[in-house]
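The next block is model34.csv, given as CSV, C-alpha atoms.
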```
chain,number,residue,atom,x,y,z
A,1435,MET,CA,63.2,53.6,149.7
A,1436,ALA,CA,64.2,53.9,153.3
A,1437,LEU,CA,61.0,55.9,154.0
A,1438,ILE,CA,58.8,53.2,152.5
A,1439,LEU,CA,60.6,50.5,154.5
A,1440,ALA,CA,60.2,52.6,157.7
A,1441,MET,CA,56.5,53.0,157.1
A,1442,MET,CA,56.1,49.2,156.5
A,1443,THR,CA,58.0,48.5,159.7
A,1444,LEU,CA,55.8,50.8,161.7
A,1445,VAL,CA,52.7,49.1,160.3
A,1446,PHE,CA,54.2,45.6,161.0
A,1447,HIS,CA,55.2,46.4,164.6
A,1448,GLY,CA,51.9,48.2,165.3
A,1449,THR,CA,50.1,45.1,164.1
A,1450,THR,CA,52.1,42.7,166.1
A,1451,GLY,CA,52.3,44.9,169.1
A,1452,SER,CA,56.1,44.7,169.4
A,1453,LEU,CA,57.1,48.4,169.9
A,1454,GLY,CA,60.3,47.9,171.8
A,1455,TRP,CA,64.0,47.8,171.0
A,1456,ALA,CA,63.3,46.0,167.7
A,1457,LEU,CA,61.4,49.0,166.4
A,1458,VAL,CA,64.0,51.5,167.6
A,1459,LEU,CA,66.8,49.5,165.9
A,1460,ASP,CA,64.9,49.2,162.7
A,1461,LEU,CA,64.2,52.9,162.5
A,1462,ALA,CA,67.8,53.7,163.4
A,1463,ILE,CA,69.2,51.5,160.6
A,1464,TYR,CA,66.7,53.0,158.1
A,1465,SER,CA,67.8,56.5,159.1
A,1466,CYS,CA,71.4,55.7,158.6
A,1467,ALA,CA,70.7,54.1,155.2
A,1468,ALA,CA,68.7,57.2,154.2
A,1469,LEU,CA,71.8,59.3,154.7
A,1470,TYR,CA,73.6,57.4,151.9
A,1471,TYR,CA,73.2,60.1,149.2
A,1472,ARG,CA,74.7,62.7,151.5
A,1473,PHE,CA,77.4,60.6,153.3
A,1474,PRO,CA,77.7,57.4,151.3
A,1475,ARG,CA,80.7,55.7,153.0
A,1476,LEU,CA,79.8,56.8,156.5
A,1477,SER,CA,76.2,55.5,155.9
A,1478,ALA,CA,77.5,52.2,154.5
A,1479,VAL,CA,79.8,51.6,157.6
A,1480,THR,CA,77.0,52.6,160.1
A,1481,VAL,CA,74.5,50.3,158.4
A,1482,PHE,CA,77.0,47.4,158.8
A,1483,CYS,CA,77.5,48.2,162.5
A,1484,LEU,CA,73.8,48.2,163.1
A,1485,LEU,CA,73.3,45.0,161.2
A,1486,VAL,CA,75.8,43.4,163.7
A,1487,VAL,CA,73.9,44.9,166.6
A,1488,LEU,CA,70.6,43.5,165.1
A,1489,ALA,CA,72.2,40.1,164.8
A,1490,GLY,CA,73.2,40.0,168.4
A,1491,ALA,CA,70.3,41.8,170.1
A,1492,LEU,CA,67.3,40.1,168.4
A,1493,ASP,CA,66.3,36.5,168.5
A,1494,ALA,CA,64.3,36.7,165.2
A,1495,PRO,CA,64.8,38.2,161.7
A,1496,SER,CA,64.0,41.9,161.6
A,1497,MET,CA,62.6,44.1,158.8
A,1498,GLY,CA,65.5,46.5,159.5
A,1499,GLU,CA,67.8,44.1,157.8
A,1500,LEU,CA,66.3,45.1,154.4
A,1501,ALA,CA,68.1,48.5,154.9
A,1502,ALA,CA,71.3,46.7,153.8
A,1503,LEU,CA,70.1,46.8,150.2
A,1504,ILE,CA,70.0,50.6,150.1
A,1505,PRO,CA,73.8,51.3,150.2
A,1506,ILE,CA,74.4,48.4,147.8
A,1507,LEU,CA,71.9,49.9,145.3
A,1508,GLY,CA,73.3,53.4,145.8
A,1509,PHE,CA,76.8,52.4,144.9
A,1510,GLY,CA,75.5,50.5,141.9
A,1511,LEU,CA,73.6,53.6,140.6
A,1512,ARG,CA,76.8,55.6,140.8
A,1513,GLY,CA,78.9,52.9,139.1
A,1514,LEU,CA,81.1,52.4,142.2
A,1515,TRP,CA,81.7,48.7,141.8
A,1516,ARG,CA,84.3,48.1,144.5
A,1517,PRO,CA,82.4,49.7,147.4
A,1518,GLN,CA,79.3,47.9,146.1
A,1519,LEU,CA,81.1,44.6,146.2
A,1520,ALA,CA,82.6,45.3,149.6
A,1521,CYS,CA,79.2,46.2,151.1
A,1522,SER,CA,77.6,43.1,149.5
A,1523,VAL,CA,80.1,40.7,151.0
A,1524,ALA,CA,80.2,42.4,154.4
A,1525,TYR,CA,76.4,42.7,154.7
A,1526,TYR,CA,75.8,39.2,153.5
A,1527,VAL,CA,78.2,37.8,156.1
A,1528,ALA,CA,76.5,39.9,158.8
A,1529,LEU,CA,73.0,38.8,157.8
A,1530,MET,CA,74.0,35.2,157.7
A,1531,CYS,CA,75.6,35.4,161.1
A,1532,GLY,CA,72.4,36.9,162.5
A,1533,ALA,CA,70.4,34.1,160.8
A,1534,ALA,CA,72.8,31.5,162.3
A,1535,LEU,CA,72.3,32.8,165.8
A,1536,VAL,CA,68.6,32.3,165.4
A,1537,SER,CA,68.7,28.8,163.9
A,1538,PHE,CA,71.9,27.1,162.8
A,1539,GLY,CA,71.7,24.1,160.4
A,1540,PRO,CA,69.9,23.3,157.2
A,1541,GLU,CA,67.5,26.2,157.9
A,1542,LEU,CA,70.2,28.6,156.8
A,1543,VAL,CA,69.6,27.6,153.2
A,1544,VAL,CA,66.4,29.7,152.9
A,1545,PRO,CA,67.8,33.0,154.3
A,1546,GLY,CA,71.0,32.5,152.5
A,1547,ALA,CA,69.2,32.1,149.2
A,1548,PHE,CA,66.9,35.0,150.0
A,1549,TRP,CA,69.7,37.5,150.7
A,1550,PHE,CA,71.8,36.2,147.8
A,1551,ALA,CA,68.9,36.7,145.4
A,1552,GLY,CA,68.0,40.1,146.9
A,1553,ILE,CA,71.6,41.4,146.6
A,1554,ALA,CA,71.8,40.1,143.0
A,1555,ILE,CA,68.6,41.8,142.0
A,1556,VAL,CA,69.9,45.1,143.5
A,1557,TRP,CA,73.1,44.7,141.5
A,1558,VAL,CA,71.1,44.2,138.3
A,1559,ILE,CA,68.9,47.2,138.9
A,1560,GLY,CA,71.8,49.5,139.8
A,1561,GLY,CA,73.7,48.4,136.8
A,1562,ILE,CA,70.8,49.0,134.4
A,1563,PHE,CA,70.2,52.5,135.8
A,1564,HIS,CA,73.9,53.3,135.7
A,1565,ARG,CA,74.3,52.2,132.1
A,1566,SER,CA,71.2,54.1,131.1
A,1567,ARG,CA,72.5,57.3,132.7
A,1568,ARG,CA,75.9,56.9,131.2
A,1569,HIS,CA,74.3,56.4,127.8
A,1570,HIS,CA,72.3,59.6,128.2
A,1571,GLU,CA,75.4,61.5,129.3
A,1572,ASP,CA,77.5,60.2,126.4
A,1573,LYS,CA,74.7,61.2,124.0
A,1574,LEU,CA,74.5,64.7,125.4
A,1575,SER,CA,78.3,65.0,125.3
A,1576,GLN,CA,78.4,63.9,121.7
A,1577,SER,CA,75.6,66.4,120.9
A,1578,LEU,CA,77.6,69.2,122.5
A,1579,SER,CA,80.8,68.1,120.8
A,1580,ARG,CA,78.9,68.1,117.4
A,1581,GLN,CA,77.6,71.6,118.2
A,1582,ARG,CA,81.1,72.9,118.9
A,1583,ILE,CA,82.4,71.4,115.7
A,1584,LEU,CA,79.6,72.9,113.7
A,1585,LEU,CA,80.2,76.3,115.2
A,1586,ALA,CA,83.9,76.0,114.4
A,1587,ARG,CA,83.0,75.2,110.8
A,1588,GLU,CA,80.6,78.2,110.6
A,1589,LEU,CA,83.2,80.6,111.9
A,1590,HIS,CA,85.9,79.2,109.5
A,1591,ASP,CA,83.7,78.9,106.4
A,1592,THR,CA,81.9,82.2,106.7
A,1593,ILE,CA,83.3,85.0,108.8
A,1594,ALA,CA,87.0,84.0,108.3
A,1595,HIS,CA,86.5,83.8,104.6
A,1596,ASP,CA,84.8,87.2,104.4
A,1597,LEU,CA,87.4,88.9,106.5
A,1598,THR,CA,90.2,87.4,104.4
A,1599,SER,CA,88.6,88.7,101.2
A,1600,ILE,CA,88.0,92.1,102.8
A,1601,ALA,CA,91.7,92.3,103.7
A,1602,LEU,CA,92.7,91.3,100.2
A,1603,GLN,CA,90.4,93.8,98.5
A,1604,ALA,CA,91.5,96.6,100.9
A,1605,GLU,CA,95.1,95.8,100.1
A,1606,VAL,CA,94.3,96.1,96.4
A,1607,ALA,CA,92.6,99.4,96.9
A,1608,ARG,CA,95.4,100.8,99.0
A,1609,ASN,CA,98.1,99.8,96.4
A,1610,SER,CA,96.0,101.1,93.5
A,1611,SER,CA,97.4,104.3,91.9
A,1612,ASP,CA,94.0,105.7,91.4
A,1613,ASN,CA,90.8,105.7,93.4
A,1614,ASP,CA,89.7,102.1,92.8
A,1615,ASN,CA,85.9,102.4,93.4
A,1616,GLU,CA,85.3,98.7,92.4
A,1617,ALA,CA,87.7,97.5,95.1
A,1618,TRP,CA,86.1,99.6,97.8
A,1619,THR,CA,82.6,98.5,96.6
A,1620,ASN,CA,83.8,94.9,97.0
A,1621,VAL,CA,85.0,95.7,100.5
A,1622,ALA,CA,81.6,97.2,101.4
A,1623,ASN,CA,79.7,94.2,100.0
A,1624,MET,CA,82.0,91.7,101.8
A,1625,SER,CA,81.6,93.6,105.0
A,1626,ARG,CA,77.8,93.3,104.8
A,1627,SER,CA,78.2,89.6,104.0
A,1628,ALA,CA,80.4,89.1,107.0
A,1629,LEU,CA,77.8,90.8,109.2
A,1630,ALA,CA,75.1,88.5,107.9
A,1631,ASP,CA,77.3,85.5,108.5
A,1632,LEU,CA,78.0,86.7,112.1
A,1633,ARG,CA,74.2,86.9,112.7
A,1634,SER,CA,73.9,83.3,111.4
A,1635,VAL,CA,76.6,82.2,113.9
A,1636,ILE,CA,74.8,84.0,116.7
A,1637,THR,CA,71.6,82.2,115.7
A,1638,LEU,CA,73.6,78.9,115.9
A,1639,LEU,CA,74.8,79.8,119.4
A,1640,ARG,CA,71.2,80.3,120.5
A,1641,THR,CA,70.1,77.0,119.1
A,1642,ASP,CA,69.4,74.0,121.4
A,1643,PRO,CA,72.6,71.8,121.3
A,1644,THR,CA,70.4,68.7,121.0
A,1645,ASP,CA,68.8,69.9,117.8
A,1646,GLN,CA,69.8,68.1,114.6
A,1647,LEU,CA,71.5,70.8,112.6
A,1648,ASP,CA,73.1,70.0,109.2
A,1649,ALA,CA,75.6,71.6,107.0
A,1650,GLY,CA,74.2,74.7,105.2
A,1651,SER,CA,71.5,75.2,107.8
A,1652,PHE,CA,71.5,79.0,107.4
A,1653,THR,CA,71.4,79.5,103.6
A,1654,HIS,CA,68.4,79.3,101.3
A,1655,ALA,CA,70.4,79.8,98.0
A,1656,SER,CA,70.1,77.3,95.2
A,1657,VAL,CA,73.1,75.3,93.9
A,1658,LEU,CA,73.2,77.5,90.8
A,1659,ASP,CA,73.0,80.7,92.8
A,1660,THR,CA,75.9,79.4,94.9
A,1661,LEU,CA,78.0,78.7,91.8
A,1662,GLU,CA,77.2,82.1,90.3
A,1663,GLU,CA,78.2,83.8,93.6
A,1664,ALA,CA,81.4,81.7,93.5
A,1665,SER,CA,82.1,82.8,90.0
A,1666,GLY,CA,81.6,86.4,91.0
A,1667,ARG,CA,84.0,86.2,93.8
A,1668,LEU,CA,86.6,84.7,91.6
A,1669,SER,CA,86.1,87.4,89.0
A,1670,SER,CA,86.4,90.1,91.6
A,1671,ALA,CA,89.7,88.6,92.7
A,1672,GLY,CA,91.1,88.8,89.2
A,1673,PHE,CA,90.5,85.2,88.0
A,1674,THR,CA,88.9,84.2,84.7
A,1675,VAL,CA,86.1,81.7,85.2
A,1676,ASP,CA,85.3,78.9,82.7
A,1677,TYR,CA,81.8,77.8,83.9
A,1678,ASN,CA,80.2,74.8,82.3
A,1679,THR,CA,76.8,73.2,82.8
A,1680,SER,CA,74.1,72.0,80.4
A,1681,PRO,CA,70.8,73.9,80.0
A,1682,GLU,CA,68.8,71.0,81.6
A,1683,ASP,CA,71.2,70.8,84.5
A,1684,ALA,CA,71.1,74.6,85.0
A,1685,VAL,CA,67.3,74.4,85.4
A,1686,ALA,CA,67.6,71.6,88.0
A,1687,LEU,CA,70.4,73.3,89.8
A,1688,ARG,CA,68.4,76.5,90.0
A,1689,LEU,CA,65.6,74.6,91.8
A,1690,ALA,CA,67.9,72.6,94.1
A,1691,PRO,CA,68.7,74.1,97.5
A,1692,ALA,CA,72.5,74.3,97.9
A,1693,GLY,CA,72.7,72.9,101.5
A,1694,ALA,CA,76.2,71.7,102.2
A,1695,ILE,CA,77.4,72.8,98.7
A,1696,TYR,CA,77.2,76.4,99.8
A,1697,PRO,CA,79.9,76.4,102.5
A,1698,ILE,CA,82.0,73.8,100.6
A,1699,SER,CA,82.1,76.0,97.5
A,1700,ARG,CA,83.0,79.0,99.7
A,1701,GLU,CA,86.0,77.1,101.1
A,1702,ALA,CA,87.0,75.9,97.6
A,1703,ILE,CA,86.9,79.4,96.2
A,1704,ASN,CA,88.8,80.8,99.2
A,1705,ASN,CA,91.6,78.2,98.6
A,1706,ILE,CA,91.7,79.2,94.9
A,1707,ILE,CA,92.0,82.9,95.7
A,1708,GLN,CA,94.7,82.2,98.3
A,1709,HIS,CA,96.7,79.6,96.4
A,1710,GLY,CA,95.7,79.8,92.8
A,1711,ASP,CA,97.4,81.5,89.8
A,1712,PRO,CA,95.2,84.4,88.6
A,1713,ASP,CA,96.8,84.3,85.2
A,1714,GLU,CA,95.1,80.9,84.4
A,1715,SER,CA,91.4,80.2,84.1
A,1716,VAL,CA,89.4,78.4,86.8
A,1717,HIS,CA,87.2,75.6,85.5
A,1718,VAL,CA,83.9,75.2,87.2
A,1719,ASN,CA,81.7,72.3,86.2
A,1720,ALA,CA,78.2,71.4,87.5
A,1721,ALA,CA,75.7,68.7,86.8
A,1722,ILE,CA,73.0,66.6,88.5
A,1723,GLU,CA,73.3,62.8,88.3
A,1724,ASP,CA,71.0,60.4,90.0
A,1725,GLY,CA,69.8,62.9,92.6
A,1726,PHE,CA,73.4,64.1,93.4
A,1727,ALA,CA,74.8,67.5,92.5
A,1728,GLU,CA,78.2,67.0,91.0
A,1729,VAL,CA,80.4,70.2,91.2
A,1730,SER,CA,84.1,70.5,90.5
A,1731,PHE,CA,86.6,73.4,90.7
A,1732,LYS,CA,90.0,73.1,88.9
A,1733,ASN,CA,92.6,75.8,89.0
A,1734,LYS,CA,96.3,76.3,88.2
A,1735,ARG,CA,98.4,76.4,91.4
A,1736,SER,CA,100.6,79.4,92.0
A,1737,SER,CA,104.3,78.5,92.0
A,1738,ARG,CA,104.7,80.2,95.4
A,1739,ALA,CA,101.6,78.8,97.1
A,1740,LYS,CA,101.5,75.9,99.5
A,1741,PRO,CA,98.9,73.2,99.0
A,1742,PRO,CA,95.7,74.0,101.0
A,1743,ALA,CA,95.3,71.7,103.9
A,1744,GLY,CA,94.1,71.5,107.5
A,1745,LEU,CA,90.8,72.8,108.8
A,1746,GLY,CA,89.4,73.8,105.3
A,1747,ILE,CA,89.6,70.5,103.6
A,1748,THR,CA,88.7,68.6,106.7
A,1749,GLY,CA,85.7,70.8,107.2
A,1750,MET,CA,84.6,70.3,103.6
A,1751,ALA,CA,84.7,66.5,103.9
A,1752,GLU,CA,82.8,66.6,107.3
A,1753,ARG,CA,80.1,68.8,105.8
A,1754,ALA,CA,79.6,66.5,102.8
A,1755,ALA,CA,79.6,63.4,105.0
A,1756,LEU,CA,76.8,64.9,107.2
A,1757,VAL,CA,74.4,64.8,104.2
A,1758,GLY,CA,75.6,61.6,102.7
A,1759,GLY,CA,78.0,63.1,100.1
A,1760,HIS,CA,81.7,63.2,99.7
A,1761,VAL,CA,84.5,65.6,98.7
A,1762,VAL,CA,87.8,65.0,96.9
A,1763,SER,CA,90.3,67.8,97.1
A,1764,CYS,CA,93.8,67.0,95.8
A,1765,PRO,CA,96.5,68.0,93.4
A,1766,SER,CA,96.2,67.0,89.7
A,1767,ASN,CA,99.5,67.6,87.9
A,1768,ASP,CA,100.1,71.3,88.3
A,1769,HIS,CA,96.5,72.0,89.1
A,1770,TRP,CA,94.3,71.6,92.2
A,1771,LEU,CA,91.1,69.7,91.8
A,1772,THR,CA,88.1,69.9,94.2
A,1773,GLN,CA,85.2,67.6,93.4
A,1774,VAL,CA,82.0,67.7,95.4
A,1775,SER,CA,79.1,65.2,95.3
A,1776,CYS,CA,76.1,65.9,97.5
A,1777,PRO,CA,72.4,64.7,97.4
A,1778,VAL,CA,70.0,67.4,96.5
A,1779,ARG,CA,66.2,67.8,96.8
A,1780,SER,CA,63.9,69.8,94.8
A,1781,ALA,CA,62.6,73.1,96.2
A,1782,HIS,CA,59.1,71.5,96.7
A,1783,ASP,CA,60.6,69.0,99.1
A,1784,VAL,CA,62.1,71.6,101.5
```
What does the file become when written as structure tokens?
Amino acid sequence: MALILAMMTLVFHGTTGSLGWALVLDLAIYSCAALYYRFPRLSAVTVFCLLVVLAGALDAPSMGELAALIPILGFGLRGLWRPQLACSVAYYVALMCGAALVSFGPELVVPGAFWFAGIAIVWVIGGIFHRSRRHHEDKLSQSLSRQRILLARELHDTIAHDLTSIALQAEVARNSSDNDNEAWTNVANMSRSALADLRSVITLLRTDPTDQLDAGSFTHASVLDTLEEASGRLSSAGFTVDYNTSPEDAVALRLAPAGAIYPISREAINNIIQHGDPDESVHVNAAIEDGFAEVSFKNKRSSRAKPPAGLGITGMAERAALVGGHVVSCPSNDHWLTQVSCPVRSAHDV
């Protein structure tokens, strides 16, 4: 902006033939205004001093006076309202004093209105750009925050679960009186699963934080596959599973991608293994109603277990909310009930 004004001033003075002190003062004040982005406060004070010099040295308005708008605009772009207000008042007073020295009287109305309107326009422009930049920064910050939350969920709902299961199965094998090949097989399978989940999290870390990732982004399993995997995990942990779904719903669940249901079911099963009573059956029900997969897990709570709470249940609710669903996980008499409702699409829509 200062460069454009300086070029206009050179053209103006060259045309009028006035290449004396007026041109020197105009270029000096433009140079000081151009230093605003490096030395904002020093530039603002220097511009004010030169405005006073212009007012006393020249007997006519000068184009250099337009440089007063540059610091005012700069403070507005940065959202520094107090320095902007101080500059606006100080510059306006200096400019009006210069105009009064040229012609005092009713003629002051025109320059007064001109500078008032110019400063007001600069305030509006600075405010618009500042709000636009703040909006962009807030949007980026929210995106980064969402990415961190999603990463935390992936770590909690995948790798943490697999490592917990590996530890439990290893403990079972260690305490077994004979060589429990099934337990060691489960340890090997879960180790491979943890490795696959770790690769998924690494993929998440390499993803652009502004991308719209949703729950269950890294699984291609169907709802039925997810529930069958959950039943297998429960059986391996020593639980009896009572799985109920109609033949028609089973076909639809086989075709519907699991999406958010996959990590939610893993969390629910992990809670059952940690807090449930293995001597009682776990009831798993699944159906599709009005485009929503309705899944529930109900188990008897162990007398020594504390109710599951904290990151797990919060994560389940957040994942479901991301896709327009909901989760209810709460005690029901001496049982614990987790109900999941999430919209599903057919495989042809994916």
Item to complete: Find the residues with any atom within 10 Å of (89.4, 83.7, 85.7); use all atoms listed in the file and the coordinates as given in the file, and write the answer as number ranges by chain.
Response: A: 1665-1666, 1668-1677, 1711-1717, 1733
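Taking atom CA of A:Cys1466 and atom CA of A:Arg1516 as endpoints, the distance between them is 20.6 Å.
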Discussion item. What's the separation between atom CA of A:Gly1513 and atom CA of A:Arg1582, in Å to one decimal place?
Written reply: 28.5 Å
Worksheet item: Taking into account all atoms listed in the file, which residue in the set A:Asn1705, A:Ile1695, A:Ala1686, A:Ser1465 is nearest to A:Thr1660?
Response: A:Ile1695
Practice prompt. Point out the residue among A:Leu1687, A:Leu1485, A:Leu1771, A:Ala1720 with the least atom-to-atom distance to A:Ile1703, counting all atoms listed in the file.
Written response: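 Closest candidate: A:Leu1771.
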Worksheet item: Given the choices A:Gln1581, A:Arg1667, A:Arg1735, A:Pro1517, which gets closest to A:Asp1768 if the distance is worked out from all atoms listed in the file?
Response: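 Of A:Gln1581, A:Arg1667, A:Arg1735, A:Pro1517, the one nearest A:Asp1768 is A:Arg1735, counting all atoms listed in the file.
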Worksheet item: Quick one: of A:Phe1548, A:Asn1767, A:Gly1725, A:Pro1697, who's nearest to A:Ala1751, counting only C-alpha atoms?
Response: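 Looking only at the distances to A:Ala1751, the closest residue turns out to be A:Pro1697.
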Worksheet item: Which one is closest to A:Pro1505: A:Ala1601, A:Leu1535, A:Ala1702, A:Ile1553? Count all atoms listed in the file.
Response: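 The answer is A:Ile1553, which sits nearest to A:Pro1505.
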Worksheet item: Suppose you want the space between atom CA of A:Ser1522 and atom CA of A:Tyr1471; what is it in Å?
Response: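 A separation of 17.6 Å between them.
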